[in-house]
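One file, model-v3.pdb, carrying PDB, C-alpha atoms and all ligand atoms:
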```pdb
ATOM      1  CA  MET A 266      31.523  83.246 161.190
ATOM      2  CA  SER A 267      34.016  81.690 163.617
ATOM      3  CA  ARG A 268      33.029  80.736 167.161
ATOM      4  CA  GLU A 269      35.229  83.519 168.539
ATOM      5  CA  GLU A 270      33.560  86.115 166.320
ATOM      6  CA  GLU A 271      30.103  84.867 167.336
ATOM      7  CA  LEU A 272      30.924  85.122 171.038
ATOM      8  CA  PHE A 273      33.318  88.018 171.219
ATOM      9  CA  ALA A 274      32.462  90.508 168.419
ATOM     10  CA  GLY A 275      31.073  93.705 169.915
ATOM     11  CA  GLY A 276      32.460  92.844 173.368
ATOM     12  CA  VAL A 277      35.217  94.458 175.391
ATOM     13  CA  ALA A 278      38.601  92.795 175.913
ATOM     14  CA  VAL A 279      41.139  93.921 178.508
ATOM     15  CA  ILE A 280      44.655  92.582 178.006
ATOM     16  CA  THR A 281      47.633  93.217 180.285
ATOM     17  CA  GLY A 282      51.181  93.422 178.961
ATOM     18  CA  ALA A 283      49.711  93.978 175.493
ATOM     19  CA  GLY A 284      52.418  96.341 174.262
ATOM     20  CA  ALA A 285      54.540  93.467 172.929
ATOM     21  CA  GLY A 286      54.675  89.715 172.392
ATOM     22  CA  ILE A 287      51.711  87.466 173.122
ATOM     23  CA  GLY A 288      49.624  90.275 174.638
ATOM     24  CA  MET A 289      50.109  92.304 171.461
ATOM     25  CA  GLY A 290      49.218  89.286 169.286
ATOM     26  CA  LEU A 291      46.071  88.638 171.331
ATOM     27  CA  ALA A 292      45.122  92.329 171.164
ATOM     28  CA  ARG A 293      45.484  92.299 167.365
ATOM     29  CA  ARG A 294      43.380  89.132 167.063
ATOM     30  CA  CYS A 295      40.676  90.525 169.376
ATOM     31  CA  GLY A 296      40.614  93.722 167.297
ATOM     32  CA  GLU A 297      40.316  91.693 164.097
ATOM     33  CA  ILE A 298      37.255  89.813 165.373
ATOM     34  CA  GLY A 299      35.427  93.012 166.315
ATOM     35  CA  MET A 300      36.146  93.508 170.008
ATOM     36  CA  THR A 301      36.908  96.851 171.621
ATOM     37  CA  VAL A 302      40.407  96.184 172.908
ATOM     38  CA  ILE A 303      41.780  97.886 176.001
ATOM     39  CA  VAL A 304      45.504  97.567 175.359
ATOM     40  CA  THR A 305      47.335  97.950 178.667
ATOM     41  CA  ASP A 306      51.060  97.832 179.356
ATOM     42  CA  ILE A 307      53.582  99.252 181.787
ATOM     43  CA  ASP A 308      55.127 100.883 178.703
ATOM     44  CA  ALA A 309      52.571 103.472 177.568
ATOM     45  CA  GLU A 310      54.249 104.107 174.207
ATOM     46  CA  ARG A 311      54.147 100.455 173.236
ATOM     47  CA  ALA A 312      50.515 100.179 174.283
ATOM     48  CA  ARG A 313      49.701 103.216 172.177
ATOM     49  CA  SER A 314      51.391 101.872 169.069
ATOM     50  CA  VAL A 315      49.538  98.529 169.362
ATOM     51  CA  ALA A 316      46.191 100.314 169.851
ATOM     52  CA  ASP A 317      46.950 102.672 166.933
ATOM     53  CA  ALA A 318      47.706  99.712 164.642
ATOM     54  CA  ILE A 319      44.394  98.036 165.588
ATOM     55  CA  VAL A 320      42.504 101.252 164.836
ATOM     56  CA  ALA A 321      44.422 101.740 161.558
ATOM     57  CA  ALA A 322      43.329  98.223 160.544
ATOM     58  CA  GLY A 323      39.680  99.207 161.082
ATOM     59  CA  GLY A 324      39.254  97.945 164.670
ATOM     60  CA  LYS A 325      38.462  99.568 168.005
ATOM     61  CA  ALA A 326      41.148  99.972 170.647
ATOM     62  CA  GLU A 327      42.313 102.203 173.466
ATOM     63  CA  ALA A 328      45.742 102.299 175.125
ATOM     64  CA  LEU A 329      46.225 102.661 178.866
ATOM     65  CA  ARG A 330      49.359 102.527 180.997
ATOM     66  CA  LEU A 331      49.062  99.843 183.665
ATOM     67  CA  ASP A 332      51.572  98.241 186.011
ATOM     68  CA  VAL A 333      50.040  94.894 187.016
ATOM     69  CA  GLY A 334      52.275  94.944 190.076
ATOM     70  CA  ASP A 335      50.044  97.664 191.545
ATOM     71  CA  PRO A 336      46.783  96.149 192.891
ATOM     72  CA  ALA A 337      45.170  99.591 193.302
ATOM     73  CA  ALA A 338      45.869 100.394 189.639
ATOM     74  CA  LEU A 339      44.065  97.172 188.655
ATOM     75  CA  ASP A 340      41.079  98.184 190.830
ATOM     76  CA  ALA A 341      41.017 101.611 189.175
ATOM     77  CA  LEU A 342      41.306 100.085 185.694
ATOM     78  CA  ALA A 343      38.391  97.702 186.276
ATOM     79  CA  ALA A 344      36.143 100.498 187.616
ATOM     80  CA  ASP A 345      37.117 102.818 184.754
ATOM     81  CA  VAL A 346      36.616 100.289 181.942
ATOM     82  CA  PHE A 347      33.247  99.057 183.250
ATOM     83  CA  ALA A 348      32.077 102.684 183.714
ATOM     84  CA  ARG A 349      33.117 103.849 180.260
ATOM     85  CA  HIS A 350      32.684 100.730 178.098
ATOM     86  CA  GLY A 351      30.225  98.511 179.944
ATOM     87  CA  ALA A 352      30.809  94.847 180.764
ATOM     88  CA  VAL A 353      34.182  93.301 180.026
ATOM     89  CA  ARG A 354      33.704  90.069 178.108
ATOM     90  CA  LEU A 355      37.329  88.921 178.033
ATOM     91  CA  LEU A 356      40.115  89.563 180.529
ATOM     92  CA  VAL A 357      43.572  88.253 179.673
ATOM     93  CA  ASN A 358      46.068  88.388 182.539
ATOM     94  CA  ASN A 359      49.074  88.148 180.273
ATOM     95  CA  ALA A 360      51.856  90.413 181.587
ATOM     96  CA  GLY A 361      54.850  88.363 182.659
ATOM     97  CA  ILE A 362      58.630  88.616 182.866
ATOM     98  CA  GLU A 363      61.519  86.139 182.675
ATOM     99  CA  THR A 364      64.312  86.020 185.222
ATOM    100  CA  ILE A 365      67.429  83.902 184.912
ATOM    101  CA  GLY A 366      70.094  83.066 187.472
ATOM    102  CA  LEU A 367      70.829  80.870 190.468
ATOM    103  CA  THR A 368      68.363  81.588 193.270
ATOM    104  CA  TRP A 369      70.959  83.111 195.578
ATOM    105  CA  GLU A 370      72.503  85.246 192.818
ATOM    106  CA  VAL A 371      69.285  86.908 191.615
ATOM    107  CA  PRO A 372      68.967  90.291 193.399
ATOM    108  CA  VAL A 373      66.161  90.768 195.922
ATOM    109  CA  ALA A 374      64.467  93.410 193.764
ATOM    110  CA  ARG A 375      64.307  91.079 190.742
ATOM    111  CA  TRP A 376      62.914  88.188 192.790
ATOM    112  CA  GLU A 377      60.253  90.488 194.207
ATOM    113  CA  GLN A 378      59.421  91.965 190.798
ATOM    114  CA  THR A 379      59.087  88.530 189.171
ATOM    115  CA  LEU A 380      56.621  87.332 191.784
ATOM    116  CA  ARG A 381      54.829  90.687 191.862
ATOM    117  CA  VAL A 382      54.235  90.685 188.105
ATOM    118  CA  ASN A 383      53.852  86.977 187.290
ATOM    119  CA  VAL A 384      51.864  85.926 190.358
ATOM    120  CA  ASN A 385      50.331  88.926 192.122
ATOM    121  CA  GLY A 386      49.573  90.667 188.815
ATOM    122  CA  VAL A 387      47.329  87.776 187.765
ATOM    123  CA  VAL A 388      45.715  87.306 191.183
ATOM    124  CA  HIS A 389      44.865  90.986 191.539
ATOM    125  CA  GLY A 390      43.657  91.196 187.939
ATOM    126  CA  VAL A 391      41.087  88.551 188.802
ATOM    127  CA  ARG A 392      40.291  90.049 192.203
ATOM    128  CA  ALA A 393      39.711  93.488 190.674
ATOM    129  CA  PHE A 394      37.577  92.463 187.665
ATOM    130  CA  VAL A 395      35.430  89.577 188.900
ATOM    131  CA  PRO A 396      33.111  91.605 191.200
ATOM    132  CA  HIS A 397      32.270  93.896 188.256
ATOM    133  CA  MET A 398      31.724  90.882 185.990
ATOM    134  CA  LEU A 399      29.413  89.273 188.552
ATOM    135  CA  LYS A 400      27.472  92.494 188.945
ATOM    136  CA  ALA A 401      27.081  92.797 185.175
ATOM    137  CA  GLY A 402      25.748  89.223 185.149
ATOM    138  CA  ALA A 403      26.758  88.603 181.532
ATOM    139  CA  PRO A 404      28.928  85.678 180.413
ATOM    140  CA  ALA A 405      32.615  86.514 180.644
ATOM    141  CA  TRP A 406      35.938  84.815 179.967
ATOM    142  CA  ILE A 407      39.147  85.040 181.997
ATOM    143  CA  ALA A 408      42.407  83.684 180.595
ATOM    144  CA  ASN A 409      45.558  83.555 182.722
ATOM    145  CA  LEU A 410      49.002  83.031 181.222
ATOM    146  CA  SER A 411      50.611  79.893 182.570
ATOM    147  CA  SER A 412      53.250  78.075 180.480
ATOM    148  CA  VAL A 413      54.561  74.589 179.762
ATOM    149  CA  GLY A 414      56.974  75.777 182.472
ATOM    150  CA  GLY A 415      54.010  75.422 184.845
ATOM    151  CA  PHE A 416      54.611  71.654 184.719
ATOM    152  CA  SER A 417      58.378  71.473 184.478
ATOM    153  CA  GLN A 418      61.586  72.034 186.399
ATOM    154  CA  MET A 419      64.295  74.345 185.105
ATOM    155  CA  PRO A 420      67.108  75.425 187.419
ATOM    156  CA  THR A 421      68.220  79.033 186.993
ATOM    157  CA  GLN A 422      64.758  79.885 185.673
ATOM    158  CA  THR A 423      63.465  79.105 189.146
ATOM    159  CA  ALA A 424      61.625  82.374 189.822
ATOM    160  CA  TYR A 425      59.822  82.171 186.488
ATOM    161  CA  ILE A 426      59.047  78.449 186.676
ATOM    162  CA  MET A 427      57.665  78.630 190.218
ATOM    163  CA  SER A 428      55.506  81.614 189.207
ATOM    164  CA  LYS A 429      53.994  79.575 186.366
ATOM    165  CA  HIS A 430      53.334  76.558 188.637
ATOM    166  CA  ALA A 431      51.546  79.036 190.912
ATOM    167  CA  ILE A 432      49.409  80.434 188.099
ATOM    168  CA  GLN A 433      48.513  76.984 186.816
ATOM    169  CA  SER A 434      47.172  75.993 190.242
ATOM    170  CA  PHE A 435      45.567  79.415 190.721
ATOM    171  CA  SER A 436      43.585  78.965 187.495
ATOM    172  CA  GLU A 437      42.551  75.421 188.442
ATOM    173  CA  CYS A 438      41.185  76.628 191.803
ATOM    174  CA  LEU A 439      39.607  79.694 190.196
ATOM    175  CA  TYR A 440      37.779  77.485 187.694
ATOM    176  CA  LEU A 441      36.258  75.580 190.614
ATOM    177  CA  GLU A 442      35.430  78.790 192.488
ATOM    178  CA  MET A 443      33.375  79.927 189.477
ATOM    179  CA  GLU A 444      31.547  76.612 189.523
ATOM    180  CA  LEU A 445      30.902  76.874 193.287
ATOM    181  CA  ALA A 446      29.665  80.450 192.927
ATOM    182  CA  GLY A 447      27.500  79.565 189.908
ATOM    183  CA  ALA A 448      29.217  82.434 188.090
ATOM    184  CA  PRO A 449      28.847  82.720 184.290
ATOM    185  CA  ILE A 450      32.601  83.128 183.990
ATOM    186  CA  HIS A 451      34.766  80.731 181.966
ATOM    187  CA  VAL A 452      38.348  80.303 183.165
ATOM    188  CA  SER A 453      41.143  79.178 180.856
ATOM    189  CA  SER A 454      44.770  78.420 181.524
ATOM    190  CA  VAL A 455      46.867  79.597 178.594
ATOM    191  CA  ILE A 456      49.868  77.326 178.129
ATOM    192  CA  PRO A 457      52.115  78.571 175.347
ATOM    193  CA  GLY A 458      54.882  76.203 174.315
ATOM    194  CA  MET A 459      57.198  78.651 172.634
ATOM    195  CA  LEU A 460      56.008  81.677 170.678
ATOM    196  CA  LYS A 461      58.396  84.146 169.063
ATOM    197  CA  THR A 462      58.571  87.127 171.444
ATOM    198  CA  SER A 463      61.303  89.179 173.094
ATOM    199  CA  ILE A 464      60.691  87.936 176.652
ATOM    200  CA  PHE A 465      64.311  86.779 177.032
ATOM    201  CA  ASP A 466      65.750  90.016 175.615
ATOM    202  CA  ALA A 467      63.554  91.960 178.041
ATOM    203  CA  ALA A 468      65.244  90.124 180.951
ATOM    204  CA  ALA A 469      68.649  91.617 180.101
ATOM    205  CA  GLY A 470      70.134  94.468 182.120
ATOM    206  CA  VAL A 471      67.814  94.126 185.110
ATOM    207  CA  GLY A 472      70.247  92.927 187.730
ATOM    208  CA  GLU A 473      70.916  89.661 185.925
ATOM    209  CA  PRO A 474      73.849  87.664 187.329
ATOM    210  CA  ALA A 475      76.743  87.602 184.819
ATOM    211  CA  ALA A 476      76.635  83.807 184.529
ATOM    212  CA  ALA A 477      73.007  83.928 183.328
ATOM    213  CA  ALA A 478      73.665  85.928 180.168
ATOM    214  CA  ARG A 479      74.727  82.940 178.037
ATOM    215  CA  HIS A 480      71.726  80.851 179.118
ATOM    216  CA  ARG A 481      69.403  83.743 178.305
ATOM    217  CA  ALA A 482      71.030  84.324 174.901
ATOM    218  CA  THR A 483      70.672  80.605 174.050
ATOM    219  CA  MET A 484      67.003  80.630 175.061
ATOM    220  CA  ALA A 485      66.404  83.758 172.966
ATOM    221  CA  HIS A 486      68.080  82.076 169.987
ATOM    222  CA  MET A 487      66.005  78.889 170.430
ATOM    223  CA  MET A 488      62.831  80.952 170.608
ATOM    224  CA  ALA A 489      63.696  82.914 167.462
ATOM    225  CA  SER A 490      64.665  79.715 165.586
ATOM    226  CA  TYR A 491      61.987  77.246 166.694
ATOM    227  CA  GLY A 492      59.187  79.305 168.228
ATOM    228  CA  MET A 493      55.726  79.429 166.715
ATOM    229  CA  GLU A 494      54.848  82.611 164.823
ATOM    230  CA  LEU A 495      53.047  85.030 167.118
ATOM    231  CA  ASP A 496      49.920  85.542 165.024
ATOM    232  CA  GLU A 497      49.428  81.810 164.456
ATOM    233  CA  GLY A 498      49.756  81.121 168.201
ATOM    234  CA  CYS A 499      47.460  83.980 169.183
ATOM    235  CA  ARG A 500      44.724  82.956 166.729
ATOM    236  CA  LYS A 501      44.838  79.516 168.302
ATOM    237  CA  ILE A 502      44.688  80.914 171.835
ATOM    238  CA  VAL A 503      41.630  83.106 171.151
ATOM    239  CA  ALA A 504      39.845  80.239 169.369
ATOM    240  CA  LYS A 505      40.415  77.835 172.280
ATOM    241  CA  ILE A 506      39.307  80.415 174.864
ATOM    242  CA  ALA A 507      36.099  80.980 172.880
ATOM    243  CA  ALA A 508      35.590  77.216 172.682
ATOM    244  CA  GLY A 509      35.489  77.230 176.493
ATOM    245  CA  GLU A 510      38.601  75.060 176.799
ATOM    246  CA  PHE A 511      40.433  75.116 180.113
ATOM    247  CA  TRP A 512      43.698  73.931 178.549
ATOM    248  CA  VAL A 513      44.602  76.587 176.005
ATOM    249  CA  ASP A 514      47.903  75.353 174.632
ATOM    250  CA  THR A 515      49.671  76.325 171.432
ATOM    251  CA  GLN A 516      51.944  73.326 170.831
ATOM    252  CA  GLU A 517      49.866  70.354 171.936
ATOM    253  CA  GLU A 518      52.562  67.716 171.541
ATOM    254  CA  MET A 519      54.975  69.721 173.690
ATOM    255  CA  THR A 520      52.295  70.127 176.383
ATOM    256  CA  ARG A 521      51.534  66.397 176.303
ATOM    257  CA  ASP A 522      55.215  65.408 176.655
ATOM    258  CA  ILE A 523      55.931  67.826 179.481
ATOM    259  CA  VAL A 524      52.737  66.977 181.380
ATOM    260  CA  ALA A 525      53.458  63.243 180.921
ATOM    261  CA  GLY A 526      56.926  63.801 182.407
ATOM    262  CA  ARG A 527      55.345  65.599 185.363
ATOM    263  CA  VAL A 528      52.818  62.802 185.927
ATOM    264  CA  THR A 529      55.578  60.182 185.934
ATOM    265  CA  PHE A 530      57.674  62.274 188.316
ATOM    266  CA  LEU A 531      54.755  62.538 190.760
ATOM    267  CA  GLN A 532      53.580  58.934 190.435
ATOM    268  CA  GLU A 533      57.061  57.527 190.885
ATOM    269  CA  ARG A 534      57.951  60.073 193.555
ATOM    270  CA  GLY A 535      61.078  60.731 191.502
ATOM    271  CA  VAL A 536      63.931  63.061 192.261
ATOM    272  CA  PRO A 537      64.180  66.187 190.095
ATOM    273  CA  THR A 538      66.194  65.187 187.028
ATOM    274  CA  LEU A 539      67.638  67.450 184.392
ATOM    275  CA  ALA A 540      67.059  66.390 180.778
ATOM    276  CA  ASP A 541      70.327  65.966 178.801
ATOM    277  CA  GLN A 542      69.450  68.886 176.544
ATOM    278  CA  ALA A 543      68.861  71.194 179.511
ATOM    279  CA  ARG A 544      72.071  70.000 181.193
ATOM    280  CA  ALA A 545      74.048  70.827 178.048
ATOM    281  CA  LEU A 546      72.489  74.280 177.966
ATOM    282  CA  LEU A 547      73.387  74.981 181.578
ATOM    283  CA  GLN A 548      76.819  73.368 181.816
ATOM    284  CA  ASP A 549      78.540  74.126 178.480
TER     285      ASP A 549
HETATM  286  N1  LIG I   1      56.739  83.643 174.593
HETATM  287  C1  LIG I   1      56.533  82.411 174.995
HETATM  288  O1  LIG I   1      56.881  81.439 174.310
HETATM  289  C2  LIG I   1      55.833  82.147 176.301
HETATM  290  C3  LIG I   1      55.767  80.812 176.730
HETATM  291  C4  LIG I   1      55.075  80.537 177.892
HETATM  292  C5  LIG I   1      54.454  81.557 178.603
HETATM  293  N2  LIG I   1      54.555  82.841 178.169
HETATM  294  C6  LIG I   1      53.894  83.891 178.964
HETATM  295  O2  LIG I   1      53.224  84.803 178.118
HETATM  296  C7  LIG I   1      53.178  86.097 178.725
HETATM  297  C8  LIG I   1      53.687  87.123 177.736
HETATM  298  O3  LIG I   1      55.036  86.824 177.427
HETATM  299  P1  LIG I   1      55.762  87.350 176.119
HETATM  300  O4  LIG I   1      56.653  86.272 175.665
HETATM  301  O5  LIG I   1      54.787  87.943 175.198
HETATM  302  O6  LIG I   1      56.675  88.505 176.776
HETATM  303  P2  LIG I   1      57.193  89.908 176.171
HETATM  304  O7  LIG I   1      58.369  90.288 176.997
HETATM  305  O8  LIG I   1      57.362  89.826 174.703
HETATM  306  O9  LIG I   1      55.974  90.915 176.464
HETATM  307  C9  LIG I   1      55.585  91.191 177.787
HETATM  308  C10 LIG I   1      54.891  92.539 177.872
HETATM  309  O10 LIG I   1      54.520  92.736 179.249
HETATM  310  C11 LIG I   1      54.852  94.061 179.620
HETATM  311  N3  LIG I   1      55.077  94.145 181.066
HETATM  312  C12 LIG I   1      56.189  93.801 181.772
HETATM  313  N4  LIG I   1      56.021  94.085 183.067
HETATM  314  C13 LIG I   1      54.776  94.616 183.197
HETATM  315  C14 LIG I   1      54.034  95.110 184.293
HETATM  316  N5  LIG I   1      54.555  95.162 185.527
HETATM  317  N6  LIG I   1      52.773  95.554 184.063
HETATM  318  C15 LIG I   1      52.256  95.538 182.818
HETATM  319  N7  LIG I   1      52.924  95.125 181.727
HETATM  320  C16 LIG I   1      54.171  94.654 181.932
HETATM  321  C17 LIG I   1      56.092  94.413 178.815
HETATM  322  O11 LIG I   1      56.261  95.829 178.699
HETATM  323  C18 LIG I   1      55.778  93.730 177.478
HETATM  324  O12 LIG I   1      55.088  94.598 176.617
HETATM  325  C19 LIG I   1      54.018  85.986 179.998
HETATM  326  O13 LIG I   1      53.172  85.764 181.111
HETATM  327  C20 LIG I   1      54.877  84.765 179.739
HETATM  328  O14 LIG I   1      55.295  84.142 180.912
HETATM  329  C21 LIG I   1      55.242  83.159 177.042
END
```

Can you give me the file's structure in the form of structure tokens?
Amino acid sequence: MSREEELFAGGVAVITGAGAGIGMGLARRCGEIGMTVIVTDIDAERARSVADAIVAAGGKAEALRLDVGDPAALDALAADVFARHGAVRLLVNNAGIETIGLTWEVPVARWEQTLRVNVNGVVHGVRAFVPHMLKAGAPAWIANLSSVGGFSQMPTQTAYIMSKHAIQSFSECLYLEMELAGAPIHVSSVIPGMLKTSIFDAAAGVGEPAAAARHRATMAHMMASYGMELDEGCRKIVAKIAAGEFWVDTQEEMTRDIVAGRVTFLQERGVPTLADQARALLQD
């Protein structure tokens, strides 16, 4: 029996943004190892089809519509799941969106939505669930979706990149808060390199500046060509969370290179510098 089955089988997992991409992959993996999976997404139909597929494969799952940008909805979800299913063993704050464009060309509503989902959605997920977890007193795991982008600089993905820097530091502080509080709650920062999902396609048609479309299409193509397969990445993520690792990365060499670049930048007090490959992408 794997470590994740030993720890997680029979427990309840709540995953946000689980109607597609990484959230869907994590939901499937959690179902496979015997968890009851609460599949939440802003798109109720997608959540339902993921939950149905888990059940059809012999697992336990329930679909719920949830907009992580609504703190009260997260409070209601936490109260409802604890009341109906008992203690939540694993919470994955996964929902996130991409946004591309020069800072001053991205519409106000898209800026606000990016920060609401990518930053506030994670913060309020934690704020809503932790009191119930503490009250239950059982060991629990919280995994927040950062990114290798949480250590890098990428102009025209500014809203997204700054949101991932925020979540990386949020998870670091949260880890220490659990230690200070003596809480039996493990915190992990999930740092995907590149997994095959439709996050770039989902950013189309939402007030995107015209000049951003080519960048987004190139990123989508790179992801489809070189990204890690979703199920492989998600198996790895669940295994590392169960192993109690704080750094839950999928492509370790990529994480090492990007973090090393960040360390050098900070130590040398460098100026932000665009890698040649990124410059070609942005200036072609
Ligand atoms: N795919 C990658 O390579 C990669 C790399 C680094 C980090 N990430 C992070 O992983 C997470 C998932 O990304 P993905 O690539 O699977 O994206 P995706 O677009 O494939 O899936 C995101 C899901 O979140 C849902 N969603 C969007 N807004 C929501 C909201 N307000 N409330 C609830 N659900 C909402 C969407 O409906 C969708 O089902 C994100 O936080 C992303 O930043 C992904």

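Of the listed residues (A:Val279, A:Leu331, A:Ile502, A:Met419), A:Leu331 comes nearest to Glu310 of chain A; the distances count all atoms listed in the file.
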
Exercise for the section: Name all residues at most 8 Å from Ile426 of chain A (count only C-alpha atoms; drop same-chain ones fewer than 3 positions away) and give them as a list in words. Expected result: Gly414, Gly415, Ser417, Gln418, Met419, Gln422, Thr423, Lys429 and His430 of chain A

Determine the residue membership of the PyMOL selection byres (((not hetatm)) within 8 of (chain I and resi 1)) for the file above and supply it as a PDB file with C-alpha atoms, in the coordinates of the input.
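Heads up, here's the output in part06.pdb:
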```pdb
ATOM      1  CA  THR A 281      47.633  93.217 180.285  1.00  0.00           C
ATOM      2  CA  GLY A 282      51.181  93.422 178.961  1.00  0.00           C
ATOM      3  CA  ALA A 283      49.711  93.978 175.493  1.00  0.00           C
ATOM      4  CA  GLY A 284      52.418  96.341 174.262  1.00  0.00           C
ATOM      5  CA  ALA A 285      54.540  93.467 172.929  1.00  0.00           C
ATOM      6  CA  GLY A 286      54.675  89.715 172.392  1.00  0.00           C
ATOM      7  CA  ILE A 287      51.711  87.466 173.122  1.00  0.00           C
ATOM      8  CA  GLY A 288      49.624  90.275 174.638  1.00  0.00           C
ATOM      9  CA  MET A 289      50.109  92.304 171.461  1.00  0.00           C
ATOM     10  CA  THR A 305      47.335  97.950 178.667  1.00  0.00           C
ATOM     11  CA  ASP A 306      51.060  97.832 179.356  1.00  0.00           C
ATOM     12  CA  ILE A 307      53.582  99.252 181.787  1.00  0.00           C
ATOM     13  CA  ASP A 308      55.127 100.883 178.703  1.00  0.00           C
ATOM     14  CA  ARG A 311      54.147 100.455 173.236  1.00  0.00           C
ATOM     15  CA  ALA A 312      50.515 100.179 174.283  1.00  0.00           C
ATOM     16  CA  ARG A 330      49.359 102.527 180.997  1.00  0.00           C
ATOM     17  CA  LEU A 331      49.062  99.843 183.665  1.00  0.00           C
ATOM     18  CA  ASP A 332      51.572  98.241 186.011  1.00  0.00           C
ATOM     19  CA  VAL A 333      50.040  94.894 187.016  1.00  0.00           C
ATOM     20  CA  GLY A 334      52.275  94.944 190.076  1.00  0.00           C
ATOM     21  CA  ASP A 335      50.044  97.664 191.545  1.00  0.00           C
ATOM     22  CA  ASN A 358      46.068  88.388 182.539  1.00  0.00           C
ATOM     23  CA  ASN A 359      49.074  88.148 180.273  1.00  0.00           C
ATOM     24  CA  ALA A 360      51.856  90.413 181.587  1.00  0.00           C
ATOM     25  CA  GLY A 361      54.850  88.363 182.659  1.00  0.00           C
ATOM     26  CA  ILE A 362      58.630  88.616 182.866  1.00  0.00           C
ATOM     27  CA  GLU A 363      61.519  86.139 182.675  1.00  0.00           C
ATOM     28  CA  GLN A 378      59.421  91.965 190.798  1.00  0.00           C
ATOM     29  CA  ARG A 381      54.829  90.687 191.862  1.00  0.00           C
ATOM     30  CA  VAL A 382      54.235  90.685 188.105  1.00  0.00           C
ATOM     31  CA  ASN A 383      53.852  86.977 187.290  1.00  0.00           C
ATOM     32  CA  GLY A 386      49.573  90.667 188.815  1.00  0.00           C
ATOM     33  CA  LEU A 410      49.002  83.031 181.222  1.00  0.00           C
ATOM     34  CA  SER A 411      50.611  79.893 182.570  1.00  0.00           C
ATOM     35  CA  SER A 412      53.250  78.075 180.480  1.00  0.00           C
ATOM     36  CA  VAL A 413      54.561  74.589 179.762  1.00  0.00           C
ATOM     37  CA  GLY A 414      56.974  75.777 182.472  1.00  0.00           C
ATOM     38  CA  TYR A 425      59.822  82.171 186.488  1.00  0.00           C
ATOM     39  CA  LYS A 429      53.994  79.575 186.366  1.00  0.00           C
ATOM     40  CA  VAL A 455      46.867  79.597 178.594  1.00  0.00           C
ATOM     41  CA  ILE A 456      49.868  77.326 178.129  1.00  0.00           C
ATOM     42  CA  PRO A 457      52.115  78.571 175.347  1.00  0.00           C
ATOM     43  CA  GLY A 458      54.882  76.203 174.315  1.00  0.00           C
ATOM     44  CA  MET A 459      57.198  78.651 172.634  1.00  0.00           C
ATOM     45  CA  LEU A 460      56.008  81.677 170.678  1.00  0.00           C
ATOM     46  CA  LYS A 461      58.396  84.146 169.063  1.00  0.00           C
ATOM     47  CA  THR A 462      58.571  87.127 171.444  1.00  0.00           C
ATOM     48  CA  SER A 463      61.303  89.179 173.094  1.00  0.00           C
ATOM     49  CA  ILE A 464      60.691  87.936 176.652  1.00  0.00           C
ATOM     50  CA  PHE A 465      64.311  86.779 177.032  1.00  0.00           C
ATOM     51  CA  ASP A 466      65.750  90.016 175.615  1.00  0.00           C
ATOM     52  CA  ALA A 467      63.554  91.960 178.041  1.00  0.00           C
ATOM     53  CA  ALA A 468      65.244  90.124 180.951  1.00  0.00           C
ATOM     54  CA  MET A 488      62.831  80.952 170.608  1.00  0.00           C
ATOM     55  CA  GLY A 492      59.187  79.305 168.228  1.00  0.00           C
ATOM     56  CA  MET A 493      55.726  79.429 166.715  1.00  0.00           C
TER      57      MET A 493
END
```

Handout entry: Separation of atom CA of Gly472 of chain A from atom CA of Leu547 of chain A, in Å and rounded to one decimal
Key =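 Computing it gives 19.2 Å between the two atoms.
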
Exercise for the section: Rank nothing, just name the residue among A:Ala540, A:Ala341, A:Ala504, A:Ala326 nearest to Glu271 of chain A, using all atoms listed in the file. Expected result: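 Among the listed residues, the smallest separation from Glu271 of chain A belongs to A:Ala504.
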
Practice task
Would you work out the distance separating atom CA of Asp514 of chain A from atom CA of His350 of chain A, expressed in Å to one decimal?
Solution key: 29.8 Å

Practice task
Please provide the set of residues having any atom within 10 Å of Ile506 of chain A, restricted to only C-alpha atoms, with same-chain residues fewer than 6 positions apart removed, written as a PyMOL selection string.
Solution key: chain A and resi 268-269+355+406-408+451-455+512-514
